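Here is model-v4.cif, consisting of mmCIF, C-alpha atoms:
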```cif
data_target
loop_
_atom_site.label_atom_id
_atom_site.label_comp_id
_atom_site.auth_asym_id
_atom_site.auth_seq_id
_atom_site.Cartn_x
_atom_site.Cartn_y
_atom_site.Cartn_z
CA MET A 715 32.20 -16.82 -6.23
CA ILE A 716 28.77 -15.45 -5.34
CA VAL A 717 28.34 -11.74 -6.01
CA ARG A 718 25.45 -10.45 -3.94
CA PRO A 719 23.70 -7.16 -4.61
CA VAL A 720 24.04 -4.38 -2.05
CA ARG A 721 20.80 -3.00 -0.57
CA LEU A 722 20.41 -0.12 1.85
CA HIS A 723 18.35 -0.40 5.01
CA GLU A 724 15.54 2.17 4.95
CA ASP A 725 17.33 4.20 7.66
CA ALA A 726 20.74 4.02 5.95
CA GLU A 727 19.58 5.81 2.81
CA PRO A 728 18.78 9.12 4.57
CA GLU A 729 22.10 8.86 6.44
CA LEU A 730 23.90 8.58 3.12
CA ASN A 731 21.98 11.50 1.60
CA ASP A 732 22.38 13.71 4.68
CA ALA A 733 26.15 13.15 4.73
CA ALA A 734 26.45 13.92 1.00
CA ASP A 735 24.35 17.09 1.45
CA TYR A 736 26.53 18.16 4.38
CA TYR A 737 29.72 17.75 2.35
CA ASP A 738 28.18 19.64 -0.59
CA ARG A 739 27.44 22.56 1.73
CA GLU A 740 31.03 22.47 3.00
CA SER A 741 32.60 22.54 -0.46
CA PRO A 742 31.24 22.20 -3.99
CA SER A 743 31.75 18.67 -5.36
CA LEU A 744 32.77 17.24 -1.97
CA GLY A 745 29.37 15.54 -1.70
CA SER A 746 30.00 13.81 -5.02
CA ALA A 747 33.44 12.73 -3.81
CA PHE A 748 31.79 11.26 -0.70
CA LEU A 749 29.27 9.34 -2.81
CA ASP A 750 32.10 8.05 -5.02
CA GLU A 751 33.93 6.82 -1.91
CA VAL A 752 30.78 5.08 -0.67
CA GLU A 753 30.27 3.42 -4.07
CA SER A 754 33.88 2.24 -3.96
CA GLY A 755 33.14 0.79 -0.53
CA PHE A 756 30.11 -1.02 -1.95
CA ASP A 757 32.33 -2.46 -4.69
CA ARG A 758 34.86 -3.71 -2.10
CA ILE A 759 32.09 -5.27 -0.02
CA ARG A 760 30.64 -7.01 -3.10
CA ALA A 761 34.05 -8.36 -4.09
CA TYR A 762 35.23 -9.34 -0.58
CA PRO A 763 32.22 -9.45 1.76
CA ASP A 764 34.07 -11.24 4.58
CA ALA A 765 37.12 -8.94 4.57
CA ALA A 766 35.82 -6.16 6.83
CA ALA A 767 36.05 -6.44 10.59
CA GLU A 768 33.19 -8.14 12.40
CA VAL A 769 31.83 -5.80 15.10
CA ALA A 770 28.84 -7.82 16.34
CA GLY A 771 27.30 -11.21 15.61
CA GLY A 772 27.50 -11.37 11.81
CA ILE A 773 27.69 -7.57 11.43
CA ARG A 774 30.74 -6.10 9.70
CA LYS A 775 32.11 -2.57 9.36
CA LEU A 776 34.08 -1.21 6.42
CA VAL A 777 35.77 2.10 7.26
CA LEU A 778 35.96 4.57 4.37
CA ALA A 779 39.44 5.83 3.54
CA ARG A 780 38.80 9.51 2.85
CA PHE A 781 35.84 10.34 5.09
CA PRO A 782 35.13 9.59 8.77
CA TYR A 783 32.33 7.16 7.92
CA ALA A 784 31.88 3.41 7.94
CA LEU A 785 29.53 1.11 6.08
CA VAL A 786 27.94 -1.24 8.59
CA TYR A 787 26.53 -4.33 6.91
CA GLU A 788 25.43 -7.91 7.21
CA ILE A 789 25.73 -10.68 4.66
CA ARG A 790 22.54 -12.54 3.94
CA ASP A 791 22.04 -15.52 1.63
CA ASP A 792 21.00 -13.42 -1.35
CA VAL A 793 21.99 -9.83 -0.50
CA ILE A 794 24.42 -7.63 1.40
CA ARG A 795 22.37 -5.33 3.60
CA ILE A 796 23.88 -1.95 4.50
CA LEU A 797 22.49 -1.29 7.96
CA ALA A 798 24.09 2.12 8.44
CA VAL A 799 26.26 4.76 6.86
CA ALA A 800 27.71 5.65 10.24
CA HIS A 801 29.86 8.61 11.23
CA GLN A 802 32.86 7.23 13.11
CA ARG A 803 32.76 9.82 15.90
CA LYS A 804 29.04 9.95 16.67
CA ARG A 805 26.82 7.57 18.65
CA PRO A 806 28.63 4.26 18.28
CA TYR A 807 26.41 1.24 17.79
CA TYR A 808 23.18 3.27 17.36
CA TRP A 809 22.35 0.95 14.43
CA ARG A 810 22.24 -2.23 16.55
CA GLY A 811 18.44 -2.58 16.38
CA ARG A 812 18.35 -2.55 12.59
CA LYS A 813 17.76 -5.73 10.60
#
```
Written as structure tokens, that's how I'd like the structure from this file.
Amino acid sequence: MIVRPVRLHEDAEPELNDAADYYDRESPSLGSAFLDEVESGFDRIRAYPDAAAEVAGGIRKLVLARFPYALVYEIRDDVIRILAVAHQRKRPYYWRGRK
């Protein structure tokens, strides 16, 4: 089994940080819980990269269990690229131009 590293698209990193900051403002330690959930999602994607639903040509989406976010990613030969840390209720498919 090939275990590929997970890398964030340059636009996905600020999305991740902004969401964590938002949750920290809402309640102390909630931002850390969000980051833990995202890391758990990364672990699931590493272990089972083809398990999440395909939403566009080769693009998959793993929905987080505890927060209304999804990890949108593509599998490349040597890496799993997180294209977006996308809120489930805002601007669907805004990430489509990212590669």
Practice problem: Pick out the residues sitting within 10 Å of Gly755 of chain A, and hand them over as JSON, numbers by chain; count all atoms listed in the file, and ignore anything fewer than 6 positions along from it in its own chain. | Solution: {"A": [749, 761, 776, 777, 778, 779, 784, 785]}
Exercise. Can you work out the spacing between atom CA of Glu729 of chain A and atom CA of Arg812 of chain A in Å, to one decimal?
Key: 13.5 Å
Exercise. Could you tell me which of A:Arg780, A:Asp732, A:Arg721, A:Ala765 comes closest to Asp750 of chain A if we count only C-alpha atoms?
Key: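 Checking each candidate against Asp750 of chain A, we get A:Arg780 as the closest.
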Quiz prompt | Selection as number ranges by chain: residues within 12 Å of (31.1, 8.6, 10.3), counting all atoms listed in the file | solution = A: 729-730, 732-734, 748, 752, 775-786, 798-808
Practice problem: On this file, the PyMOL selection byres ((chain A and resi 772) around 9) gives some set of residues; write that set as a PyMOL selection string. | Solution: chain A and resi 768-771+773-774+787-789
Any chance you can output those residues with C-alpha atoms as a PDB file, keeping the file's coordinate frame?
```pdb
ATOM      1  CA  GLU A 768      33.190  -8.140  12.400  1.00  0.00           C
ATOM      2  CA  VAL A 769      31.830  -5.800  15.100  1.00  0.00           C
ATOM      3  CA  ALA A 770      28.840  -7.820  16.340  1.00  0.00           C
ATOM      4  CA  GLY A 771      27.300 -11.210  15.610  1.00  0.00           C
ATOM      5  CA  ILE A 773      27.690  -7.570  11.430  1.00  0.00           C
ATOM      6  CA  ARG A 774      30.740  -6.100   9.700  1.00  0.00           C
ATOM      7  CA  TYR A 787      26.530  -4.330   6.910  1.00  0.00           C
ATOM      8  CA  GLU A 788      25.430  -7.910   7.210  1.00  0.00           C
ATOM      9  CA  ILE A 789      25.730 -10.680   4.660  1.00  0.00           C
TER      10      ILE A 789
END
```
